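**Q** Just dropping this structure here.
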Amino acid sequence: MSVRNLRQLFAPKSVALVGASQRPGSVGATLLLNLREGGFKGELYPVNPKYHELDGLQVWRDVADLPAAPELAIICTPPPTIPGIVRTLGAMGTRAAIVMSAGLATARDSRGRSLKQATLDAAHPYLLRILGPNSSGLLAPSIGLNASIAAGGAASGRIAFVSESGAMMTGVLDWARMRGIGFSSFVSLGESGDVDFGDVLDYLASDPGTAAILLHVESVRYARKFLSAARAAARSKPTVVLKAGRSLEGAAVGACLSGVLAAPDDVYDAAIRRAGMLRVTTTEQLFAAVETLARAKPLYGERLAILCNGAGPVVLAADALQAGGGQAAELDEATVSRLRDVVPEWRGSGPLNLRGDAPPERYRDVVELLLRDPRVDAVLVIHAPNAVVDPADVARAVAPLAQASSRNVLACWLGGQSVSAARVIAAEAGMPSYRTPEDAVNGFLQIVHYRHNQQLLMEVPGSFGGDEPDREGARRLVRAALDKGRYLLADPDTKAILSAYGIPVVPTRSAATPEEAVLAAADIGFPVAVKILSPDVAQKSDVGGVTLDLDTPEAVRAATERMRRRLAELRPDARLDGFIVQAMARNPQAHELIAGAATDPVFGPVILFGQGGLAVEVVGDYAVALPPLNMVLARDLVRRTRIARQLKGYRNHPAADMDAVLAVLVQVARLVAEIPEIVELDINPLLAHSGGAVVLDARMRIAMADRSGSTLDRLAIRPYPAELEETIPWQGGELLLRPIRPEDGPAHVAFFNALTPDDVRYRMFVRVRELQPAQLARFTQIDYDREMAFIATRHTADGTPETLGVGRVVADPDNMSAEFAVTVRSDLKGKGLGILLMNKLIAYCRARGTREIVGEALPQNAPVIGLVKKLGFTVGPVDEEEGVRKFWLPLR
């Protein structure tokens with residue numbers, strides 16, 4: 001991922017238009033018109049050998065004739081000319097180009113390369129960035145740049161819009177102009193030969209002119225790059241995704257149910273959630289989400305109170321809340337009592353109907369009471385216009401309460417011109433406003449979903465926890481099967497692999513003959529279940545291949561003979577490799593679940609969970625998530641299914657042991673992450689009850705793994721890098737230097753509290769009395785693809801882990817420069833911890849190929865300045881503007 005030279009793309013000081021024209025309707029003429037009418041103040045160089053002058057501008061015959069290297073070149077010439085033009089521009093010093101021309105992917109040059117690849121090869125030596133090919137262009141309204149073929153420009157604003165589709169670009173621009181929506185930038189990626197979603201997200205995340213980012217996504221090619229950039233952007237700015245092609249995505253295929261169920265669109269949805277972004281399904285929702293999230297306050301709960309001056313709208317809102325899975329607020333008894341004094345007609349529960357003649361004061365009093373209620377997390381105010389009350393007066397009564405409250409107050413102003421003044425007042429008070437009750441509830445639910453996704457964004461899994469699995473044992477079983485040419489593993493082999501990872505399984509044996517089945521049953525203990533073992537039958541029950549509750553040797557022998565005859569009658573083509581014998585695990589209060597894994601062509605391994613049993617495809621109750629998982633992420637996966645409500649218990653059914661279910665999901669994620677040969681896995685059913693969870697049936701598909709890269713490269717999200725752990729001697733004992741993990745939060749708070757006020761100021765450049773939850777999450781829950789924090793840790797006498805020092809480094813997206821910070825517990829200074837942590841950081845950066853490591857410190861921070869000097873850093877003078885001393889160390 002790289003933001004290198006993207007400034008020249010988004011904010012150029014000079015632009016060359018290669019292929020400028022005066023032919024009506026041509027791309028060159030449209031671009032020249034848009035560049036002129038957009039108000040771009042920089043130098044503009046039209047290039048075309050056919051003209052001497054266009055629209056009063058001098059025209060150059062060739063890019064080599066230009067008086068200076070343009071910062072940005074827009075190229076709309078025939079495909080065969082483009083690689084040469086790019087090469088010449090690169091040699092001149094141009095560092096960004098928009099290739100508008102189409103057809104480069106299919107046309108070939110004399111060496112047999114596609115012209116698209118030839119263009120990228122020509123740009124590479126000069127680090128010239130390419131937007132496109134087949135891009136519809138870019139707009140940067142704040143500098144008057146309209147380098148696009150869109151009819152008309154765009155108003156300046158603080159929303160960035162990024163799309164692969166040129167048609168979507170022009171359509172949304174027209175739609176936004178009608179609604180007065182402005183943009184900081186508007187980008188058509190085209191074929192994303194070089195600049196893609198990841199690059200643009202990285203640039204926009206640090207762009208001070210962009211407050212929110214909208215993405216129209218058709219496909220993603222580099223999952224880890226995209227998710228890493230998306231997670232970084234979503235940490236700082238609302239990022240909303242309109243994913244196209246939901247109905248066009250082909251159904252997933254596979255030998256296991258998980259491979260069939262994990263459809264591509266479900267996987268995209270899981271990835272968007274995990275990245276902390278919000279997904280919407282329409283263009284209207286895309287911009288409504290920005291309105292909502294830009295004005296919304298932090299949401300600490302999901303209970304919504306609704307009030308209106310009429311029954312119809314308030315019922316519509318309540319219905320929408322229930323249909324969307326929202327939670328209506330149940331008011332405190334004291335609040336109910338006071339509200340009855342204000343609204344005598346109210347029955348004491350449900351949404352509040354204030355009646356049509358409700359004066360502004362009644363709105364004010366009700367909203368004030370609701371905002372005081374600890375059981376209310378947000379309030380929706382609905383007003384339908386009438387001849388009695390001025391909607392603007394209602395807005396004036398409610399607006400000060402909304403401004404002063406830490407909770408969200410949303411407004412729905414039904415109607416058109418008569419409520420326009422109320423909408424303006426609400427907007428000035430920072431209240432999200434909507435035109436219909438359903439839109440208002442959907443806006444609130446967007447805040448709820450965004451909050452959930454932001455919480456998931458903070459959940460970067462640490463070490464998997466629990467007992468260490470028998471990895472080598474599992475790998476031996478997989479390799480042995482591959483050596484024999486067996487790619488679909490039946491129940492006994494799959495269970496052996498699951499057992500190696502500590503996943504509870506029902507005792508199971510395989511038997512080649514009825515006689516062996518009898519012996520296996522006696523070994524396991526009666527009663528038992530017997531099933532056929534056939535690679536050609538996916539659902540054994542379809543051919544009578546399952547018999548339960550066999551409690552004698554004779555019953556086992558008779559059942560196996562009967563199943564053999566039945567299979568021969570119904571499926572004479574099917575092979576019978578023998579029988580599976582397993583202990584009965586019947587429990588009338590157990591839930592049948594499915595847990596499994598599949599491999600998505602874009603995002604790699606995915607984990608599936610849902611309601612299991614024979615009708616799993618018909619019931620369709622399942623959800624997917626990206627590995628790795630921890631208990632929090634696994635719990636979110638379960639929560640997104642309907643069966644989750646049953647698992648909590650009902651009537652005389654006790655709640656299932658959720659920790660046992662979650663542990664299975666975490667271990668399944670661990671298994672597929674660490675053994676790349678596993679392509680698909682079904683555990684169906686996974687029986688869950690109050691006493692735990694156990695695997696009844698399982699099957700697995702395996703394949704030869706691609707050994708060209710790291711085993712973990714398959715994962716869209718990098719897990720905890722255990723390979724970076726290092727035990728070192730220190731002060732007569734041992735310390736563990738390792739990457740920080742989310743579960744280090746309590747130890748990190750204790751570490752912070754052990755710092756002196758001066759040490760805190762030296763680290764943060766300001767005085768901080770306590771670590772806020774958001775800061776703690778930011779320090780301990782990191783994206784290991786982007787940054788690294790090593791802690792020096794040991795256990796106290798009572799076994800509690802303690803953090804003694806932290807070294808942190810954050811590289812830029814180009815991996816050119818990495819900024820570091822090192823903090824040692826105040827009572828342990830002068831004992832060599834700083835040197836140990838710095839050497840660990842430097843070695844890590846060298847191994848990553850980082851070019852230099854840099855830092856800064858307050859001039860009074862003599863220990864850190866002395867430390868870096870010992871390590872060979874160059875230390876600069878005090879920066880008078882920033883009040884710090886900067887230092888740097890070249891690494892290569």
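Every chain in the structure tokens takes a letter, A first, then B, and so on in the order presented; its residues are numbered from 1, and the ligands are numbered from 1 following the presented order.
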List every residue of stretch 645-876 of chain A that DSSP, applied to the backbone, labels as strand (DSSP E or B), and write the result as a VMD selection string.
**A** chain A and resid 650 653 678 to 689 692 to 695 698 to 702 726 to 730 733 to 739 787 to 795 801 to 811 817 to 824 852 to 857 874 to 876
**Q** Grab the residues selected above and save them as an mmCIF file, in the first residue's frame with C-alpha atoms.
**A**
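Saved result, out33.cif, follows:
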data_model
loop_
_atom_site.group_PDB
_atom_site.id
_atom_site.type_symbol
_atom_site.label_atom_id
_atom_site.label_comp_id
_atom_site.auth_asym_id
_atom_site.auth_seq_id
_atom_site.Cartn_x
_atom_site.Cartn_y
_atom_site.Cartn_z
ATOM 1 C CA TYR A 650 -36.309 -20.693 27.196
ATOM 2 C CA HIS A 653 -34.559 -25.419 28.499
ATOM 3 C CA ILE A 678 -7.759 -27.037 5.006
ATOM 4 C CA VAL A 679 -10.082 -25.612 2.366
ATOM 5 C CA GLU A 680 -13.493 -26.444 3.829
ATOM 6 C CA LEU A 681 -14.783 -27.804 7.125
ATOM 7 C CA ASP A 682 -18.238 -28.814 8.344
ATOM 8 C CA ILE A 683 -19.099 -29.569 11.944
ATOM 9 C CA ASN A 684 -22.771 -30.498 11.741
ATOM 10 C CA PRO A 685 -24.229 -31.030 14.160
ATOM 11 C CA LEU A 686 -22.302 -29.388 16.946
ATOM 12 C CA LEU A 687 -24.401 -30.275 19.969
ATOM 13 C CA ALA A 688 -24.593 -27.439 22.531
ATOM 14 C CA HIS A 689 -26.258 -27.729 25.939
ATOM 15 C CA GLY A 692 -20.786 -27.913 27.062
ATOM 16 C CA ALA A 693 -20.496 -28.516 23.333
ATOM 17 C CA VAL A 694 -19.435 -31.612 21.413
ATOM 18 C CA VAL A 695 -18.935 -32.487 17.741
ATOM 19 C CA ALA A 698 -17.660 -33.549 10.773
ATOM 20 C CA ARG A 699 -16.103 -33.615 7.333
ATOM 21 C CA MET A 700 -13.253 -31.681 5.748
ATOM 22 C CA ARG A 701 -11.912 -30.885 2.295
ATOM 23 C CA ILE A 702 -8.170 -30.420 1.946
ATOM 24 C CA GLU A 726 11.687 -13.324 22.509
ATOM 25 C CA THR A 727 12.826 -14.305 26.020
ATOM 26 C CA ILE A 728 15.911 -12.426 27.216
ATOM 27 C CA PRO A 729 17.971 -12.304 30.449
ATOM 28 C CA TRP A 730 17.563 -9.152 32.519
ATOM 29 C CA GLY A 733 15.975 -13.049 35.727
ATOM 30 C CA GLU A 734 14.112 -13.295 32.441
ATOM 31 C CA LEU A 735 11.897 -10.911 30.517
ATOM 32 C CA LEU A 736 9.575 -11.645 27.629
ATOM 33 C CA LEU A 737 9.700 -9.133 24.769
ATOM 34 C CA ARG A 738 6.595 -9.636 22.667
ATOM 35 C CA PRO A 739 3.985 -7.780 20.623
ATOM 36 C CA GLU A 787 2.229 -0.827 13.402
ATOM 37 C CA MET A 788 3.996 -2.702 16.154
ATOM 38 C CA ALA A 789 4.232 -2.298 19.896
ATOM 39 C CA PHE A 790 6.604 -4.504 21.872
ATOM 40 C CA ILE A 791 6.201 -4.802 25.607
ATOM 41 C CA ALA A 792 8.713 -6.009 28.164
ATOM 42 C CA THR A 793 6.684 -8.200 30.497
ATOM 43 C CA ARG A 794 7.079 -10.638 33.368
ATOM 44 C CA HIS A 795 4.875 -12.247 36.014
ATOM 45 C CA PRO A 801 1.472 -10.241 34.306
ATOM 46 C CA GLU A 802 3.066 -6.805 34.558
ATOM 47 C CA THR A 803 4.272 -4.476 31.816
ATOM 48 C CA LEU A 804 7.651 -2.882 32.471
ATOM 49 C CA GLY A 805 8.193 -0.965 29.258
ATOM 50 C CA VAL A 806 6.709 -0.356 25.811
ATOM 51 C CA GLY A 807 8.359 0.336 22.470
ATOM 52 C CA ARG A 808 6.063 1.384 19.670
ATOM 53 C CA VAL A 809 6.665 2.017 15.975
ATOM 54 C CA VAL A 810 4.272 3.148 13.232
ATOM 55 C CA ALA A 811 5.410 3.029 9.612
ATOM 56 C CA SER A 817 9.820 5.970 7.444
ATOM 57 C CA ALA A 818 8.691 4.643 10.828
ATOM 58 C CA GLU A 819 8.116 6.805 13.878
ATOM 59 C CA PHE A 820 8.966 5.278 17.250
ATOM 60 C CA ALA A 821 8.303 5.931 20.916
ATOM 61 C CA VAL A 822 9.743 4.132 23.946
ATOM 62 C CA THR A 823 8.466 4.388 27.515
ATOM 63 C CA VAL A 824 9.942 2.638 30.561
ATOM 64 C CA GLU A 852 14.584 4.957 8.364
ATOM 65 C CA ILE A 853 13.289 5.170 11.903
ATOM 66 C CA VAL A 854 12.502 8.620 13.311
ATOM 67 C CA GLY A 855 11.295 10.153 16.543
ATOM 68 C CA GLU A 856 10.990 13.334 18.514
ATOM 69 C CA ALA A 857 11.152 14.377 22.138
ATOM 70 C CA THR A 874 21.279 11.947 14.355
ATOM 71 C CA VAL A 875 19.692 14.459 16.745
ATOM 72 C CA GLY A 876 18.531 17.760 15.331
#
**Q** What residues in stretch 243-430 of chain A get the DSSP label helix (DSSP H, G or I)? Please answer as a ChimeraX atom specification.
**A** /A:257-261,264-274,283-295,311-323,333-342,360-372,391-404,417-428
**Q** Keeping only C-alpha atoms, write the selected residues to a file as a JSON list (two decimals), in the first residue's frame.
**A**
[["chain", "number", "residue", "atom", "x", "y", "z"],
["A", 257, "LEU", "CA", -22.08, -27.17, 3.44],
["A", 258, "SER", "CA", -19.93, -24.31, 4.74],
["A", 259, "GLY", "CA", -18.51, -23.87, 1.24],
["A", 260, "VAL", "CA", -22.03, -23.72, -0.17],
["A", 261, "LEU", "CA", -23.48, -21.38, 2.46],
["A", 264, "PRO", "CA", -19.38, -14.02, -1.56],
["A", 265, "ASP", "CA", -21.74, -11.22, -0.55],
["A", 266, "ASP", "CA", -21.94, -12.58, 3.01],
["A", 267, "VAL", "CA", -18.15, -12.53, 3.15],
["A", 268, "TYR", "CA", -17.99, -8.92, 1.91],
["A", 269, "ASP", "CA", -20.52, -8.01, 4.59],
["A", 270, "ALA", "CA", -18.36, -9.67, 7.26],
["A", 271, "ALA", "CA", -15.25, -7.88, 6.00],
["A", 272, "ILE", "CA", -16.95, -4.48, 6.01],
["A", 273, "ARG", "CA", -18.21, -5.04, 9.56],
["A", 274, "ARG", "CA", -14.80, -6.18, 10.77],
["A", 283, "THR", "CA", -27.34, 5.58, -2.84],
["A", 284, "GLU", "CA", -29.93, 7.42, -0.73],
["A", 285, "GLN", "CA", -28.79, 5.49, 2.36],
["A", 286, "LEU", "CA", -25.16, 6.21, 1.50],
["A", 287, "PHE", "CA", -25.56, 9.97, 1.90],
["A", 288, "ALA", "CA", -28.12, 9.68, 4.68],
["A", 289, "ALA", "CA", -25.57, 7.69, 6.66],
["A", 290, "VAL", "CA", -23.06, 10.51, 6.32],
["A", 291, "GLU", "CA", -25.65, 12.99, 7.58],
["A", 292, "THR", "CA", -26.41, 10.74, 10.52],
["A", 293, "LEU", "CA", -22.87, 9.73, 11.49],
["A", 294, "ALA", "CA", -21.48, 13.23, 11.03],
["A", 295, "ARG", "CA", -23.99, 14.68, 13.50],
["A", 311, "ALA", "CA", -50.70, 8.23, 16.46],
["A", 312, "GLY", "CA", -49.98, 7.31, 12.84],
["A", 313, "PRO", "CA", -46.34, 8.43, 12.57],
["A", 314, "VAL", "CA", -45.40, 7.14, 16.02],
["A", 315, "VAL", "CA", -46.76, 3.66, 15.18],
["A", 316, "LEU", "CA", -44.85, 3.64, 11.89],
["A", 317, "ALA", "CA", -41.66, 4.50, 13.77],
["A", 318, "ALA", "CA", -42.25, 1.80, 16.38],
["A", 319, "ASP", "CA", -42.92, -0.78, 13.66],
["A", 320, "ALA", "CA", -39.73, 0.19, 11.84],
["A", 321, "LEU", "CA", -37.73, -0.10, 15.05],
["A", 322, "GLN", "CA", -39.07, -3.59, 15.74],
["A", 323, "ALA", "CA", -38.59, -4.74, 12.13],
["A", 333, "GLU", "CA", -41.15, 4.25, 36.92],
["A", 334, "ALA", "CA", -40.31, 7.75, 38.11],
["A", 335, "THR", "CA", -40.21, 8.98, 34.51],
["A", 336, "VAL", "CA", -43.55, 7.31, 33.73],
["A", 337, "SER", "CA", -45.14, 9.03, 36.72],
["A", 338, "ARG", "CA", -43.91, 12.47, 35.70],
["A", 339, "LEU", "CA", -44.85, 11.93, 32.04],
["A", 340, "ARG", "CA", -48.44, 11.15, 33.00],
["A", 341, "ASP", "CA", -48.64, 14.63, 34.49],
["A", 342, "VAL", "CA", -47.44, 16.13, 31.20],
["A", 360, "PRO", "CA", -43.72, 23.44, 21.90],
["A", 361, "GLU", "CA", -43.54, 23.48, 25.70],
["A", 362, "ARG", "CA", -44.97, 19.96, 25.90],
["A", 363, "TYR", "CA", -42.30, 18.72, 23.46],
["A", 364, "ARG", "CA", -39.65, 20.43, 25.60],
["A", 365, "ASP", "CA", -40.91, 18.97, 28.88],
["A", 366, "VAL", "CA", -41.23, 15.43, 27.50],
["A", 367, "VAL", "CA", -37.80, 15.43, 25.85],
["A", 368, "GLU", "CA", -36.24, 16.82, 29.03],
["A", 369, "LEU", "CA", -37.78, 14.01, 31.12],
["A", 370, "LEU", "CA", -36.71, 11.34, 28.64],
["A", 371, "LEU", "CA", -33.13, 12.60, 28.56],
["A", 372, "ARG", "CA", -32.97, 12.34, 32.36],
["A", 391, "PRO", "CA", -42.91, 23.46, 13.55],
["A", 392, "ALA", "CA", -40.09, 26.03, 13.90],
["A", 393, "ASP", "CA", -41.25, 26.75, 17.47],
["A", 394, "VAL", "CA", -41.08, 23.03, 18.25],
["A", 395, "ALA", "CA", -37.54, 22.92, 16.87],
["A", 396, "ARG", "CA", -36.54, 25.95, 18.97],
["A", 397, "ALA", "CA", -37.94, 24.29, 22.09],
["A", 398, "VAL", "CA", -36.10, 21.01, 21.54],
["A", 399, "ALA", "CA", -32.81, 22.20, 19.99],
["A", 400, "PRO", "CA", -31.17, 23.53, 23.22],
["A", 401, "LEU", "CA", -31.87, 20.20, 24.96],
["A", 402, "ALA", "CA", -30.34, 18.28, 22.07],
["A", 403, "GLN", "CA", -27.25, 20.49, 22.11],
["A", 404, "ALA", "CA", -26.74, 20.16, 25.86],
["A", 417, "GLN", "CA", -42.03, 23.67, 2.80],
["A", 418, "SER", "CA", -43.94, 24.12, 6.07],
["A", 419, "VAL", "CA", -41.20, 22.37, 8.07],
["A", 420, "SER", "CA", -38.15, 23.73, 6.21],
["A", 421, "ALA", "CA", -37.40, 26.30, 8.92],
["A", 422, "ALA", "CA", -37.56, 23.58, 11.58],
["A", 423, "ARG", "CA", -35.05, 21.49, 9.62],
["A", 424, "VAL", "CA", -32.65, 24.44, 9.48],
["A", 425, "ILE", "CA", -32.92, 25.03, 13.25],
["A", 426, "ALA", "CA", -32.36, 21.34, 13.96],
["A", 427, "ALA", "CA", -29.34, 21.21, 11.66],
["A", 428, "GLU", "CA", -27.76, 24.23, 13.35]]
**Q** Ranking A:Asp814, A:Asp174, A:Asp202, A:Glu191 by minimum distance to A:Ser236 and counting only C-alpha atoms, which one comes first?
**A**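 Looking only at the distances to A:Ser236, the closest residue turns out to be A:Asp202.
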**Q** Which residues are close to stretch 885-892 of chain A, i.e. within 12 Å by only C-alpha atoms, leaving aside same-chain residues fewer than 4 positions away? Reply as a ChimeraX atom specification.
**A** /A:762,815-821,838,841-862,864-881
**Q** Atom CA of A:Val172 and atom CA of A:Arg231, how far apart in Å?
**A**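 Atom CA of A:Val172 lies at a distance of 25.1 Å from atom CA of A:Arg231.
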**Q** Grab the atom CA of A:Leu567 to atom CA of A:Ala512 distance for me, in Å with one decimal place.
**A** 15.2 Å
**Q** Find the residues near A:Val448: any atom within 7 Å, counting only C-alpha atoms, skip ones fewer than 4 places away on the same chain, and give them as a list in words.
**A**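 That gives Glu302, Phe444 and His452 of chain A.
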**Q** Given the selection you just returned, output its residues as a file containing all heavy atoms, formatted as a compact mmCIF listing (two decimals), in the first residue's frame.
**A**
# COMPACT_ATOMS: atom_id res chain seq x y z
N GLU A 302 -28.54 1.31 23.22
CA GLU A 302 -29.32 1.18 21.98
C GLU A 302 -30.81 1.32 22.22
O GLU A 302 -31.62 0.94 21.38
CB GLU A 302 -29.00 -0.17 21.34
CG GLU A 302 -27.52 -0.32 21.02
CD GLU A 302 -27.17 -1.72 20.54
OE1 GLU A 302 -28.11 -2.52 20.31
OE2 GLU A 302 -25.98 -2.01 20.41
N PHE A 444 -31.22 5.97 13.09
CA PHE A 444 -30.79 5.54 14.43
C PHE A 444 -30.15 4.16 14.37
O PHE A 444 -29.10 3.92 15.00
CB PHE A 444 -31.99 5.51 15.37
CG PHE A 444 -31.70 4.88 16.70
CD1 PHE A 444 -30.91 5.53 17.63
CD2 PHE A 444 -32.19 3.62 17.01
CE1 PHE A 444 -30.62 4.95 18.86
CE2 PHE A 444 -31.91 3.04 18.23
CZ PHE A 444 -31.12 3.70 19.16
N HIS A 452 -21.56 -0.95 16.67
CA HIS A 452 -21.14 -2.35 16.75
C HIS A 452 -19.87 -2.57 15.94
O HIS A 452 -18.92 -3.24 16.39
CB HIS A 452 -22.24 -3.26 16.21
CG HIS A 452 -23.39 -3.43 17.16
ND1 HIS A 452 -24.61 -3.95 16.77
CD2 HIS A 452 -23.51 -3.16 18.49
CE1 HIS A 452 -25.42 -3.99 17.81
NE2 HIS A 452 -24.78 -3.50 18.85
**Q** One number please: atom CA of A:Arg4 to atom CA of A:Ala229, in Å, one decimal.
**A**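 We find that atom CA of A:Arg4 and atom CA of A:Ala229 lie 14.4 Å from each other.
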**Q** May I ask which of the residues A:Pro514, A:Gly356, A:Gly157, A:Pro721 is the closest one to A:Ile740, counting only C-alpha atoms?
**A**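 Closest residue, counting only C-alpha atoms: A:Pro721.
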